[in-house]
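S.K.: TSV, C-alpha atoms and all ligand atoms, saved as protein32.tsv, coming up:
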chain	number	residue	atom	x	y	z
A	1	MET	CA	-84.71	1.45	26.75
A	2	ILE	CA	-86.76	-0.08	23.95
A	3	GLU	CA	-90.38	0.96	24.39
A	4	ILE	CA	-92.81	-1.78	23.31
A	5	GLY	CA	-96.03	-0.43	24.84
A	6	CYS	CA	-96.97	1.09	21.49
A	7	TYR	CA	-96.92	-2.29	19.73
A	8	ASP	CA	-99.41	-5.10	19.95
A	9	ASP	CA	-98.30	-7.88	17.71
A	10	ALA	CA	-95.07	-6.69	16.14
A	11	VAL	CA	-91.80	-8.56	15.74
A	12	LEU	CA	-88.96	-6.13	16.32
A	13	ASP	CA	-85.72	-6.35	14.36
A	14	LEU	CA	-82.94	-4.86	16.48
A	15	SER	CA	-79.20	-4.40	16.36
A	16	ILE	CA	-77.17	-6.26	18.98
A	17	PRO	CA	-74.18	-3.86	18.83
A	18	ASP	CA	-76.47	-0.79	19.16
A	19	ASP	CA	-79.31	-2.05	21.36
A	20	GLY	CA	-78.04	-5.26	23.00
A	21	GLN	CA	-77.73	-3.80	26.50
A	22	GLN	CA	-81.06	-1.98	26.38
A	23	TYR	CA	-84.00	-3.14	28.47
A	24	PHE	CA	-87.43	-3.50	26.92
A	25	CYS	CA	-89.98	-1.30	28.61
A	26	ILE	CA	-93.77	-1.21	28.57
A	27	ASN	CA	-95.36	2.23	28.79
A	28	GLY	CA	-92.30	3.62	30.51
A	29	THR	CA	-91.85	0.75	32.96
A	30	LYS	CA	-88.66	-1.24	32.58
A	31	THR	CA	-89.16	-4.98	32.08
A	32	HIS	CA	-86.67	-7.54	33.39
A	33	PHE	CA	-85.43	-8.38	29.89
A	34	ARG	CA	-82.62	-6.96	27.79
A	35	VAL	CA	-82.34	-7.22	24.02
A	36	ILE	CA	-79.19	-9.35	24.14
A	37	GLU	CA	-80.95	-12.10	26.09
A	38	PHE	CA	-82.86	-12.96	22.90
A	39	ALA	CA	-79.83	-12.87	20.60
A	40	SER	CA	-78.98	-15.81	18.37
A	41	LYS	CA	-76.18	-17.76	20.05
A	42	ASP	CA	-74.06	-17.73	16.89
A	43	GLY	CA	-73.25	-14.06	17.50
A	44	ALA	CA	-75.43	-12.59	14.74
A	45	ASN	CA	-75.66	-8.79	14.73
A	46	ARG	CA	-79.44	-8.64	14.34
A	47	VAL	CA	-82.11	-10.11	16.56
A	48	LYS	CA	-85.83	-10.61	16.00
A	49	VAL	CA	-88.11	-10.59	18.99
A	50	SER	CA	-91.87	-10.66	19.28
A	51	VAL	CA	-93.50	-8.01	21.44
A	52	LYS	CA	-96.14	-10.53	22.46
A	53	LEU	CA	-93.40	-12.89	23.67
A	54	ILE	CA	-91.72	-10.20	25.77
A	55	ARG	CA	-95.06	-9.25	27.34
A	56	LEU	CA	-95.76	-12.91	28.15
A	57	LEU	CA	-92.34	-13.49	29.71
A	58	GLU	CA	-92.58	-10.29	31.74
A	59	HIS	CA	-95.99	-11.40	33.07
A	60	MET	CA	-94.45	-14.72	34.10
A	61	ARG	CA	-91.51	-12.93	35.71
A	62	VAL	CA	-93.72	-10.60	37.75
A	63	LEU	CA	-96.22	-13.28	38.78
A	64	THR	CA	-93.60	-15.78	39.94
A	65	GLY	CA	-91.14	-13.29	41.34
A	66	LEU	CA	-88.44	-15.56	39.95
A	67	PRO	CA	-85.73	-14.80	37.42
A	68	ILE	CA	-86.32	-16.22	33.96
A	69	HIS	CA	-83.24	-17.39	32.12
A	70	ILE	CA	-83.53	-17.54	28.34
A	71	ASN	CA	-81.52	-20.50	27.07
A	72	SER	CA	-82.41	-19.77	23.47
A	73	GLY	CA	-84.41	-16.94	21.91
A	74	TYR	CA	-84.01	-15.90	18.30
A	75	ARG	CA	-82.04	-18.24	16.04
A	76	THR	CA	-80.62	-17.51	12.62
A	77	LEU	CA	-81.31	-20.22	10.06
A	78	GLU	CA	-77.65	-21.33	10.27
A	79	HIS	CA	-77.71	-21.57	14.05
A	80	ASN	CA	-81.08	-23.32	14.11
A	81	THR	CA	-79.79	-25.95	11.70
A	82	LYS	CA	-76.65	-26.39	13.78
A	83	VAL	CA	-78.58	-27.04	17.00
A	84	GLY	CA	-80.98	-29.42	15.27
A	85	GLY	CA	-84.02	-27.15	15.41
A	86	SER	CA	-87.10	-27.80	13.30
A	87	PRO	CA	-86.96	-26.14	9.87
A	88	LYS	CA	-90.22	-24.40	10.83
A	89	SER	CA	-89.02	-23.48	14.33
A	90	GLN	CA	-90.67	-20.45	15.89
A	91	HIS	CA	-87.17	-19.47	17.07
A	92	LEU	CA	-86.50	-18.42	13.46
A	93	THR	CA	-89.24	-15.80	13.64
A	94	GLY	CA	-88.38	-14.33	17.05
A	95	LYS	CA	-91.59	-15.71	18.53
A	96	ALA	CA	-90.06	-18.39	20.77
A	97	ALA	CA	-87.91	-18.73	23.87
A	98	ASP	CA	-86.57	-21.74	25.75
A	99	VAL	CA	-86.69	-20.71	29.38
A	100	VAL	CA	-85.65	-21.85	32.84
A	101	ILE	CA	-87.50	-20.23	35.72
A	102	GLY	CA	-85.68	-19.65	38.99
A	103	ALA	CA	-83.41	-22.52	39.90
A	104	GLY	CA	-85.68	-24.88	37.99
A	105	ASN	CA	-83.85	-27.73	36.37
A	106	ASN	CA	-86.30	-30.59	36.48
A	107	VAL	CA	-89.56	-31.70	34.94
A	108	GLY	CA	-91.62	-30.32	37.81
A	109	HIS	CA	-90.32	-26.81	37.25
A	110	ALA	CA	-90.70	-27.09	33.48
A	111	LEU	CA	-94.28	-28.26	33.92
A	112	LYS	CA	-95.17	-25.38	36.24
A	113	ALA	CA	-93.69	-22.95	33.74
A	114	ALA	CA	-95.76	-24.54	30.98
A	115	ILE	CA	-99.00	-24.29	32.92
A	116	LEU	CA	-98.34	-20.66	33.81
A	117	ALA	CA	-97.36	-19.83	30.23
A	118	GLU	CA	-100.57	-21.31	28.90
A	119	SER	CA	-102.69	-19.39	31.38
A	120	LEU	CA	-101.04	-16.19	30.15
A	121	GLY	CA	-101.65	-16.91	26.48
A	122	ALA	CA	-98.71	-18.92	25.15
A	123	THR	CA	-99.83	-20.83	22.05
A	124	GLY	CA	-96.78	-23.07	21.63
A	125	ILE	CA	-95.41	-25.00	24.59
A	126	GLY	CA	-92.78	-27.73	24.60
A	127	LEU	CA	-92.02	-29.55	27.82
A	128	TYR	CA	-88.43	-30.73	28.20
A	129	ASN	CA	-86.47	-32.15	31.12
A	130	THR	CA	-84.52	-29.02	31.89
A	131	PHE	CA	-86.33	-26.16	30.17
A	132	THR	CA	-89.65	-25.10	28.74
A	133	HIS	CA	-90.16	-23.94	25.17
A	134	ILE	CA	-92.66	-21.11	24.94
A	135	ASP	CA	-93.90	-19.37	21.82
A	136	VAL	CA	-96.67	-17.18	20.49
A	137	ARG	CA	-97.47	-18.90	17.16
A	138	ASP	CA	-100.84	-18.56	15.41
A	139	ASN	CA	-102.22	-22.07	15.96
A	140	LYS	CA	-101.82	-23.91	19.26
A	141	SER	CA	-99.29	-26.70	19.57
A	142	PHE	CA	-98.24	-28.33	22.85
A	143	TRP	CA	-95.82	-31.25	23.06
A	144	ASP	CA	-93.26	-32.98	25.27
A	145	ASN	CA	-89.70	-34.11	24.72
A	146	THR	CA	-90.82	-37.44	23.27
A	147	GLY	CA	-92.77	-35.58	20.60
A	148	LYS	CA	-96.04	-36.59	22.21
A	149	GLY	CA	-98.78	-34.01	21.66
A	150	LEU	CA	-100.15	-32.48	24.84
A	151	LEU	CA	-103.11	-30.64	23.37
A	152	GLN	CA	-106.50	-31.91	24.50
A	153	ASN	CA	-109.75	-30.07	23.93
A	154	GLY	CA	-107.79	-26.97	23.05
A	155	SER	CA	-105.62	-26.77	26.14
A	156	PHE	CA	-102.44	-28.08	27.66
A	157	HIS	CA	-102.78	-31.54	29.13
A	158	TYR	CA	-100.07	-33.49	30.88
A	201	ZN	ZN	-87.54	-23.88	21.68
Now, as a test, write the supplied structure out as structure tokens.
M.R.:
Amino acid sequence: MIEIGCYDDAVLDLSIPDDGQQYFCINGTKTHFRVIEFASKDGANRVKVSVKLIRLLEHMRVLTGLPIHINSGYRTLEHNTKVGGSPKSQHLTGKAADVVIGAGNNVGHALKAAILAESLGATGIGLYNTFTHIDVRDNKSFWDNTGKGLLQNGSFHY
């Protein structure tokens, strides 16, 4: 297991071949997330993942009781370019995940995930038809799939 209870705001840099199957754990308690779930989809050997992001996702997992599928976690620069990600994407830093909660595959589910994520401290939220982008950037930014900003008076508004 990869213990993260000792870190507050770190971004871990881990080896997929060595640590991919390991679960993150917080103060000895196993989370629901394994290292490989955050791996760049181009098969890169290293993965970056923010401790704050893991804590946030684990909170969401425990509160909802529903599995959280990570469509996209860390992305290498090459992979991010290939999938059309923003050059400043938080996926490049290990601070972002595109998630689907439970069997959610519609806007209603994505919206619920967004609202829950904000209440638990997510600072970047993107609302898409079939998934929700969540990140832990420094300055808040909320948007939808049309690029429309969803930040009003400092909080998520839809
Ligand atoms: Zn994303």
S.K.: What does the distance from atom CA of A:Tyr23 to atom CA of A:Val136 come to in Å, to one decimal?
M.R.: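 Separation of atom CA of A:Tyr23 and atom CA of A:Val136: 20.5 Å.
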S.K.: Taking all atoms listed in the file into account, produce a table as JSON lines in which each residue of chain A with an atom at most 9 Å from an atom of ligand ZN 201 (chain A) appears once, together with its shortest atom pair and the distance in Å to one decimal, ordered by chain and rising number.
M.R.:
{"residue": "A:Asn71", "atom": "CA", "partner": "A:ZN201", "partner_atom": "ZN", "distance": 8.8}
{"residue": "A:Ser72", "atom": "CA", "partner": "A:ZN201", "partner_atom": "ZN", "distance": 6.8}
{"residue": "A:Gly73", "atom": "CA", "partner": "A:ZN201", "partner_atom": "ZN", "distance": 7.6}
{"residue": "A:Gly85", "atom": "CA", "partner": "A:ZN201", "partner_atom": "ZN", "distance": 7.9}
{"residue": "A:Ser89", "atom": "CA", "partner": "A:ZN201", "partner_atom": "ZN", "distance": 7.5}
{"residue": "A:Gln90", "atom": "CA", "partner": "A:ZN201", "partner_atom": "ZN", "distance": 7.4}
{"residue": "A:His91", "atom": "CA", "partner": "A:ZN201", "partner_atom": "ZN", "distance": 6.4}
{"residue": "A:Ala96", "atom": "CA", "partner": "A:ZN201", "partner_atom": "ZN", "distance": 6.1}
{"residue": "A:Ala97", "atom": "CA", "partner": "A:ZN201", "partner_atom": "ZN", "distance": 5.6}
{"residue": "A:Asp98", "atom": "CA", "partner": "A:ZN201", "partner_atom": "ZN", "distance": 4.7}
{"residue": "A:Val99", "atom": "CA", "partner": "A:ZN201", "partner_atom": "ZN", "distance": 8.4}
{"residue": "A:Ile125", "atom": "CA", "partner": "A:ZN201", "partner_atom": "ZN", "distance": 8.5}
{"residue": "A:Gly126", "atom": "CA", "partner": "A:ZN201", "partner_atom": "ZN", "distance": 7.1}
{"residue": "A:Phe131", "atom": "CA", "partner": "A:ZN201", "partner_atom": "ZN", "distance": 8.9}
{"residue": "A:Thr132", "atom": "CA", "partner": "A:ZN201", "partner_atom": "ZN", "distance": 7.5}
{"residue": "A:His133", "atom": "CA", "partner": "A:ZN201", "partner_atom": "ZN", "distance": 4.4}
{"residue": "A:Ile134", "atom": "CA", "partner": "A:ZN201", "partner_atom": "ZN", "distance": 6.7}
{"residue": "A:Asp135", "atom": "CA", "partner": "A:ZN201", "partner_atom": "ZN", "distance": 7.8}
S.K.: Store the residues picked out above, limited to C-alpha atoms, as a PDB file, keeping the file's coordinate frame.
M.R.:
ATOM      1  CA  ASN A  71     -81.520 -20.500  27.070  1.00  0.00           C
ATOM      2  CA  SER A  72     -82.410 -19.770  23.470  1.00  0.00           C
ATOM      3  CA  GLY A  73     -84.410 -16.940  21.910  1.00  0.00           C
ATOM      4  CA  GLY A  85     -84.020 -27.150  15.410  1.00  0.00           C
ATOM      5  CA  SER A  89     -89.020 -23.480  14.330  1.00  0.00           C
ATOM      6  CA  GLN A  90     -90.670 -20.450  15.890  1.00  0.00           C
ATOM      7  CA  HIS A  91     -87.170 -19.470  17.070  1.00  0.00           C
ATOM      8  CA  ALA A  96     -90.060 -18.390  20.770  1.00  0.00           C
ATOM      9  CA  ALA A  97     -87.910 -18.730  23.870  1.00  0.00           C
ATOM     10  CA  ASP A  98     -86.570 -21.740  25.750  1.00  0.00           C
ATOM     11  CA  VAL A  99     -86.690 -20.710  29.380  1.00  0.00           C
ATOM     12  CA  ILE A 125     -95.410 -25.000  24.590  1.00  0.00           C
ATOM     13  CA  GLY A 126     -92.780 -27.730  24.600  1.00  0.00           C
ATOM     14  CA  PHE A 131     -86.330 -26.160  30.170  1.00  0.00           C
ATOM     15  CA  THR A 132     -89.650 -25.100  28.740  1.00  0.00           C
ATOM     16  CA  HIS A 133     -90.160 -23.940  25.170  1.00  0.00           C
ATOM     17  CA  ILE A 134     -92.660 -21.110  24.940  1.00  0.00           C
ATOM     18  CA  ASP A 135     -93.900 -19.370  21.820  1.00  0.00           C
TER      19      ASP A 135
END
S.K.: Enter the distance from atom CA of A:Cys25 to atom CA of A:Ala44, in Å, rounded to one decimal.
M.R.: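 Answer for the atom CA of A:Cys25 to atom CA of A:Ala44 separation: 23.1 Å.
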S.K.: For a quick check of understanding, using all atoms listed in the file, which of A:Thr146, A:Thr76, A:Gln22, A:Asn27 has the smallest distance to A:Cys6?
M.R.: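 Using all atoms listed in the file, the shortest distance to A:Cys6 belongs to A:Asn27.
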S.K.: Have a look at atom CA of A:Val62 and atom CA of A:Glu3 and let me know their distance in Å, one decimal.
M.R.: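 If I compute the distance from atom CA of A:Val62 to atom CA of A:Glu3, I get 18.0 Å.
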S.K.: Given the choices A:Ile101, A:Glu78, A:Asn106, A:Gly154, which gets closest to A:Gly124 if the distance is worked out from only C-alpha atoms?
M.R.: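 Among the listed residues, A:Gly154 lies closest to A:Gly124.
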S.K.: With all atoms listed in the file as the atoms that count, which of A:Asn145, A:His32, A:Asp18, A:Thr123 lies nearest to A:Gly65?
M.R.: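 So, comparing all the options, the nearest one is A:His32.
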S.K.: If you count all atoms listed in the file, which residues fall within 7 Å of A:Leu56, apart from same-chain ones fewer than 4 positions away, as an MDAnalysis selection string?
M.R.: chainID A and resid 52 60 120
S.K.: Using all atoms listed in the file, which residue out of A:Leu92, A:Leu151, A:Ala39, A:Ala117 lies closest to A:Thr64?
M.R.: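 Among the listed residues, A:Ala117 lies closest to A:Thr64.
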S.K.: Enclose the full set of atoms of stretch 17-25 of chain A listed in the file within a box whose edges lie along x, y and z, apply 5 Å of padding to each of the six sides, and report centre and edge lengths in Å to one decimal as lines of an AutoDock Vina configuration file.
M.R.:
center_x = -82.1
center_y = -3.0
center_z = 23.7
size_x = 25.8
size_y = 14.5
size_z = 19.8
S.K.: Name the residues within 12 Å of (-82.7, -4.9, 15.8), counting all atoms listed in the file in the file's coordinates, and put them as a list in words.
M.R.: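 Checked against the point, the hits come out as Ile2, Val11, Leu12, Asp13, Leu14, Ser15, Ile16, Pro17, Asp18, Asp19, Gly20, Gln21, Gln22, Val35, Ile36, Phe38, Ala39, Ser40, Ala44, Asn45, Arg46, Val47, Lys48, Val49, Ser50, Tyr74 and Gly94 of chain A.
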S.K.: Pull C-alpha atoms for stretch 7-155 of chain A from the block and write them as a short mmCIF file (atom, residue, chain, number, x, y, z; two decimals), in the first residue's frame.
M.R.:
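decode-v1.cif was written with the following content:
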data_model
loop_
_atom_site.label_atom_id
_atom_site.label_comp_id
_atom_site.auth_asym_id
_atom_site.auth_seq_id
_atom_site.Cartn_x
_atom_site.Cartn_y
_atom_site.Cartn_z
CA TYR A 7 1.30 14.17 3.13
CA ASP A 8 -0.90 17.21 2.86
CA ASP A 9 -0.40 18.79 -0.49
CA ALA A 10 2.16 16.62 -2.25
CA VAL A 11 2.10 15.29 -5.79
CA LEU A 12 3.50 11.78 -5.77
CA ASP A 13 5.61 10.46 -8.63
CA LEU A 14 5.24 6.68 -8.74
CA SER A 15 6.31 3.77 -10.89
CA ILE A 16 3.55 1.87 -12.67
CA PRO A 17 5.57 -1.38 -13.00
CA ASP A 18 6.54 -1.29 -9.29
CA ASP A 19 3.51 0.30 -7.62
CA GLY A 20 0.66 0.06 -10.16
CA GLN A 21 -1.33 -2.56 -8.26
CA GLN A 22 -0.88 -0.90 -4.86
CA TYR A 23 -3.78 0.78 -3.11
CA PHE A 24 -3.38 4.23 -1.61
CA CYS A 25 -4.04 4.25 2.09
CA ILE A 26 -4.69 7.01 4.60
CA ASN A 27 -3.29 6.47 8.08
CA GLY A 28 -3.33 2.72 7.61
CA THR A 29 -6.82 2.53 6.09
CA LYS A 30 -6.98 1.31 2.52
CA THR A 31 -8.72 3.67 0.09
CA HIS A 32 -10.71 2.39 -2.89
CA PHE A 33 -8.09 3.58 -5.37
CA ARG A 34 -5.05 1.88 -6.87
CA VAL A 35 -2.07 3.64 -8.41
CA ILE A 36 -2.73 2.26 -11.89
CA GLU A 37 -6.16 3.89 -12.04
CA PHE A 38 -4.41 7.26 -12.40
CA ALA A 39 -1.90 6.12 -15.03
CA SER A 40 -1.55 7.95 -18.31
CA LYS A 41 -3.44 5.98 -20.96
CA ASP A 42 -0.44 5.96 -23.30
CA GLY A 43 1.24 3.35 -21.09
CA ALA A 44 3.87 5.62 -19.53
CA ASN A 45 5.91 4.02 -16.74
CA ARG A 46 5.58 6.92 -14.31
CA VAL A 47 2.45 8.48 -12.90
CA LYS A 48 1.92 11.73 -11.01
CA VAL A 49 -0.95 11.93 -8.58
CA SER A 50 -1.95 14.59 -6.10
CA VAL A 51 -2.56 13.49 -2.52
CA LYS A 52 -5.29 16.12 -2.24
CA LEU A 53 -7.04 14.61 -5.27
CA ILE A 54 -6.95 11.09 -3.84
CA ARG A 55 -8.36 12.32 -0.53
CA LEU A 56 -11.15 14.15 -2.35
CA LEU A 57 -12.08 11.14 -4.49
CA GLU A 58 -12.02 8.83 -1.47
CA HIS A 59 -14.37 11.20 0.39
CA MET A 60 -16.73 11.12 -2.59
CA ARG A 61 -16.49 7.33 -2.76
CA VAL A 62 -17.29 6.87 0.93
CA LEU A 63 -20.09 9.45 1.02
CA THR A 64 -21.90 8.13 -2.05
CA GLY A 65 -21.20 4.46 -1.48
CA LEU A 66 -20.79 4.23 -5.24
CA PRO A 67 -17.79 3.12 -7.27
CA ILE A 68 -15.87 5.91 -8.96
CA HIS A 69 -14.42 5.09 -12.34
CA ILE A 70 -11.48 7.22 -13.44
CA ASN A 71 -11.68 7.76 -17.20
CA SER A 72 -8.53 9.83 -17.24
CA GLY A 73 -6.09 10.74 -14.47
CA TYR A 74 -2.51 11.74 -15.13
CA ARG A 75 -1.57 12.48 -18.74
CA THR A 76 1.88 12.78 -20.23
CA LEU A 77 2.35 15.80 -22.47
CA GLU A 78 2.27 13.53 -25.54
CA HIS A 79 -0.95 11.83 -24.48
CA ASN A 80 -2.60 15.10 -23.49
CA THR A 81 -1.83 16.56 -26.91
CA LYS A 82 -3.16 13.43 -28.60
CA VAL A 83 -6.51 13.58 -26.79
CA GLY A 84 -6.87 17.31 -27.43
CA GLY A 85 -6.33 18.42 -23.83
CA SER A 86 -5.57 22.02 -22.94
CA PRO A 87 -1.83 22.82 -22.96
CA LYS A 88 -2.29 23.94 -19.34
CA SER A 89 -4.40 20.91 -18.38
CA GLN A 90 -4.33 19.94 -14.72
CA HIS A 91 -4.08 16.33 -15.95
CA LEU A 92 -0.43 17.11 -16.78
CA THR A 93 0.32 17.82 -13.13
CA GLY A 94 -1.48 14.83 -11.60
CA LYS A 95 -4.05 17.11 -10.01
CA ALA A 96 -7.05 16.13 -12.16
CA ALA A 97 -9.34 13.19 -12.82
CA ASP A 98 -12.27 12.70 -15.19
CA VAL A 99 -14.68 10.52 -13.26
CA VAL A 100 -17.92 8.59 -13.64
CA ILE A 101 -19.73 7.78 -10.42
CA GLY A 102 -21.72 4.58 -10.17
CA ALA A 103 -23.59 3.80 -13.35
CA GLY A 104 -23.78 7.51 -14.11
CA ASN A 105 -23.67 8.29 -17.78
CA ASN A 106 -25.80 11.37 -18.15
CA VAL A 107 -25.79 15.04 -17.28
CA GLY A 108 -27.76 14.51 -14.08
CA HIS A 109 -25.13 12.19 -12.67
CA ALA A 110 -22.29 14.44 -13.80
CA LEU A 111 -23.98 17.41 -12.14
CA LYS A 112 -24.45 15.58 -8.84
CA ALA A 113 -20.81 14.58 -8.91
CA ALA A 114 -19.83 18.20 -9.53
CA ILE A 115 -21.90 19.52 -6.64
CA LEU A 116 -20.51 16.90 -4.28
CA ALA A 117 -16.95 17.54 -5.46
CA GLU A 118 -17.30 21.25 -4.82
CA SER A 119 -18.68 20.69 -1.34
CA LEU A 120 -15.60 18.59 -0.58
CA GLY A 121 -13.13 21.18 -1.82
CA ALA A 122 -12.58 20.60 -5.54
CA THR A 123 -11.33 23.84 -7.12
CA GLY A 124 -11.62 22.85 -10.77
CA ILE A 125 -14.82 21.29 -12.08
CA GLY A 126 -15.82 20.62 -15.67
CA LEU A 127 -19.28 19.34 -16.42
CA TYR A 128 -19.55 17.07 -19.45
CA ASN A 129 -22.33 14.85 -20.79
CA THR A 130 -20.86 11.58 -19.65
CA PHE A 131 -18.24 12.42 -17.03
CA THR A 132 -17.14 15.07 -14.58
CA HIS A 133 -13.69 16.65 -14.57
CA ILE A 134 -12.44 17.28 -11.05
CA ASP A 135 -9.19 18.91 -10.02
CA VAL A 136 -7.44 20.57 -7.12
CA ARG A 137 -5.83 23.60 -8.84
CA ASP A 138 -4.87 26.78 -6.96
CA ASN A 139 -7.51 29.16 -8.32
CA LYS A 140 -11.12 28.11 -8.83
CA SER A 141 -12.42 27.41 -12.31
CA PHE A 142 -15.78 25.79 -13.09
CA TRP A 143 -17.08 25.26 -16.63
CA ASP A 144 -19.34 23.10 -18.79
CA ASN A 145 -18.82 21.29 -22.06
CA THR A 146 -19.69 24.38 -24.09
CA GLY A 147 -16.87 26.24 -22.37
CA LYS A 148 -19.36 28.34 -20.44
CA GLY A 149 -18.03 29.42 -17.05
CA LEU A 150 -20.04 28.15 -14.10
CA LEU A 151 -18.42 30.19 -11.37
CA GLN A 152 -20.68 32.72 -9.70
CA ASN A 153 -19.84 34.53 -6.49
CA GLY A 154 -17.04 32.07 -5.89
CA SER A 155 -19.03 28.87 -6.19
#
